[in-house]
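Engineer: There's a structure below that I have some questions on.
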Amino acid sequence: RFVVRGGERIMLDSFDCPDPAVATPQRTVSNTAVQALTLFNNQFVLKQAGLFAQRVDREYARDPVRGAYDLLFGRAPSPRERELGRQFLQANPLALYCRVLINSNEFVYVP
């Protein structure tokens, strides 16, 4: 990765991105609360969730839960996921729902 000296690398450092000054044969792997909080509160993630919500609203206005699952996971939501999503959207904005899905294990961890 390209590193600017003195630049902030909060997102990358939280996810074990190696220090470019040190040769490492294998990257460390961890799962910490800091990673979850970084992913949930980082300005980049907030912006992407908002942009994702705009796309879902534009392309799937009739069924935003289905649209979010189609675009993010490449699959349809289960009946339970669909119902939970609809309930969530009755009380919260679509951008927050998209932010929650971006922070789900299914999105964060690639098998």
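Letters A, B, ... go to the chains of the structure tokens in the order shown; residues in each chain start at 1; ligands are counted from 1 in the same order.
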Env of region 70-83 of chain A: 9 Å cut, atoms = only C-alpha atoms, seq-sep filter 4 positions within chain, self excluded. Answer as a PyMOL selection string.
Structural biologist: chain A and resi 56+65-66+87-88+101-102+106-107
Engineer: Mind checking which residues fall within 12 Å of Pro93 (chain A), counting only C-alpha atoms, ignoring those fewer than 3 positions away in the same chain, and posting them as a list in words?
Structural biologist: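 Everything that qualifies: Ala49, Gly50, Ala53, Gln54, Asp57, Pro64, Gly85, Arg86, Gln87, Phe88, Leu89, Gln90, Leu96, Tyr97, Cys98, Arg99 and Val100 of chain A.
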Engineer: How would the residues just picked look written out with N, CA, C and O atoms as a PDB file, in the first residue's frame?
Structural biologist:
```pdb
ATOM      1  N   ALA A  49     -22.412   4.218   3.120  1.00  0.00           N
ATOM      2  CA  ALA A  49     -23.758   3.764   3.480  1.00  0.00           C
ATOM      3  C   ALA A  49     -24.805   4.718   2.927  1.00  0.00           C
ATOM      4  O   ALA A  49     -25.851   4.283   2.423  1.00  0.00           O
ATOM      5  N   GLY A  50     -24.532   6.016   3.002  1.00  0.00           N
ATOM      6  CA  GLY A  50     -25.459   7.003   2.444  1.00  0.00           C
ATOM      7  C   GLY A  50     -25.588   6.893   0.931  1.00  0.00           C
ATOM      8  O   GLY A  50     -26.697   6.949   0.385  1.00  0.00           O
ATOM      9  N   ALA A  53     -27.518   3.769   0.137  1.00  0.00           N
ATOM     10  CA  ALA A  53     -28.950   3.979   0.374  1.00  0.00           C
ATOM     11  C   ALA A  53     -29.585   4.738  -0.787  1.00  0.00           C
ATOM     12  O   ALA A  53     -30.707   4.423  -1.205  1.00  0.00           O
ATOM     13  N   GLN A  54     -28.881   5.726  -1.327  1.00  0.00           N
ATOM     14  CA  GLN A  54     -29.401   6.474  -2.470  1.00  0.00           C
ATOM     15  C   GLN A  54     -29.601   5.550  -3.672  1.00  0.00           C
ATOM     16  O   GLN A  54     -30.604   5.639  -4.381  1.00  0.00           O
ATOM     17  N   ASP A  57     -32.581   3.241  -3.009  1.00  0.00           N
ATOM     18  CA  ASP A  57     -33.816   4.012  -3.150  1.00  0.00           C
ATOM     19  C   ASP A  57     -34.130   4.298  -4.611  1.00  0.00           C
ATOM     20  O   ASP A  57     -35.286   4.244  -5.038  1.00  0.00           O
ATOM     21  N   PRO A  64     -36.971  -1.828  -0.814  1.00  0.00           N
ATOM     22  CA  PRO A  64     -35.578  -1.521  -0.488  1.00  0.00           C
ATOM     23  C   PRO A  64     -34.842  -2.639   0.238  1.00  0.00           C
ATOM     24  O   PRO A  64     -33.635  -2.784   0.074  1.00  0.00           O
ATOM     25  N   GLY A  85     -36.136  -6.328   8.284  1.00  0.00           N
ATOM     26  CA  GLY A  85     -35.750  -5.132   7.536  1.00  0.00           C
ATOM     27  C   GLY A  85     -36.901  -4.150   7.408  1.00  0.00           C
ATOM     28  O   GLY A  85     -36.725  -2.945   7.601  1.00  0.00           O
ATOM     29  N   ARG A  86     -38.070  -4.645   7.109  1.00  0.00           N
ATOM     30  CA  ARG A  86     -39.242  -3.764   6.982  1.00  0.00           C
ATOM     31  C   ARG A  86     -39.572  -3.099   8.312  1.00  0.00           C
ATOM     32  O   ARG A  86     -39.884  -1.908   8.365  1.00  0.00           O
ATOM     33  N   GLN A  87     -39.492  -3.865   9.396  1.00  0.00           N
ATOM     34  CA  GLN A  87     -39.747  -3.293  10.726  1.00  0.00           C
ATOM     35  C   GLN A  87     -38.715  -2.215  11.053  1.00  0.00           C
ATOM     36  O   GLN A  87     -39.056  -1.151  11.579  1.00  0.00           O
ATOM     37  N   PHE A  88     -37.466  -2.491  10.739  1.00  0.00           N
ATOM     38  CA  PHE A  88     -36.399  -1.521  11.011  1.00  0.00           C
ATOM     39  C   PHE A  88     -36.626  -0.236  10.225  1.00  0.00           C
ATOM     40  O   PHE A  88     -36.465   0.872  10.755  1.00  0.00           O
ATOM     41  N   LEU A  89     -37.025  -0.369   8.969  1.00  0.00           N
ATOM     42  CA  LEU A  89     -37.214   0.799   8.111  1.00  0.00           C
ATOM     43  C   LEU A  89     -38.447   1.629   8.476  1.00  0.00           C
ATOM     44  O   LEU A  89     -38.535   2.792   8.099  1.00  0.00           O
ATOM     45  N   GLN A  90     -39.363   1.057   9.223  1.00  0.00           N
ATOM     46  CA  GLN A  90     -40.513   1.836   9.678  1.00  0.00           C
ATOM     47  C   GLN A  90     -40.092   2.897  10.692  1.00  0.00           C
ATOM     48  O   GLN A  90     -40.726   3.939  10.798  1.00  0.00           O
ATOM     49  N   LEU A  96     -29.341   4.272   7.521  1.00  0.00           N
ATOM     50  CA  LEU A  96     -28.952   3.545   8.732  1.00  0.00           C
ATOM     51  C   LEU A  96     -29.090   2.041   8.517  1.00  0.00           C
ATOM     52  O   LEU A  96     -28.242   1.260   8.959  1.00  0.00           O
ATOM     53  N   TYR A  97     -30.130   1.630   7.814  1.00  0.00           N
ATOM     54  CA  TYR A  97     -30.298   0.210   7.504  1.00  0.00           C
ATOM     55  C   TYR A  97     -29.134  -0.293   6.651  1.00  0.00           C
ATOM     56  O   TYR A  97     -28.575  -1.360   6.913  1.00  0.00           O
ATOM     57  N   CYS A  98     -28.743   0.488   5.673  1.00  0.00           N
ATOM     58  CA  CYS A  98     -27.614   0.118   4.820  1.00  0.00           C
ATOM     59  C   CYS A  98     -26.326   0.044   5.636  1.00  0.00           C
ATOM     60  O   CYS A  98     -25.505  -0.852   5.434  1.00  0.00           O
ATOM     61  N   ARG A  99     -26.162   0.959   6.563  1.00  0.00           N
ATOM     62  CA  ARG A  99     -24.981   0.949   7.446  1.00  0.00           C
ATOM     63  C   ARG A  99     -24.945  -0.320   8.279  1.00  0.00           C
ATOM     64  O   ARG A  99     -23.893  -0.930   8.454  1.00  0.00           O
ATOM     65  N   VAL A 100     -26.092  -0.743   8.770  1.00  0.00           N
ATOM     66  CA  VAL A 100     -26.167  -1.980   9.557  1.00  0.00           C
ATOM     67  C   VAL A 100     -25.770  -3.175   8.688  1.00  0.00           C
ATOM     68  O   VAL A 100     -24.987  -4.036   9.110  1.00  0.00           O
TER      69      VAL A 100
END
```
Engineer: Just to confirm, what's the straight-line distance from CA of Leu46 (chain A) to CA of Leu94 (chain A) in Å (one decimal)?
Structural biologist: 12.2 Å
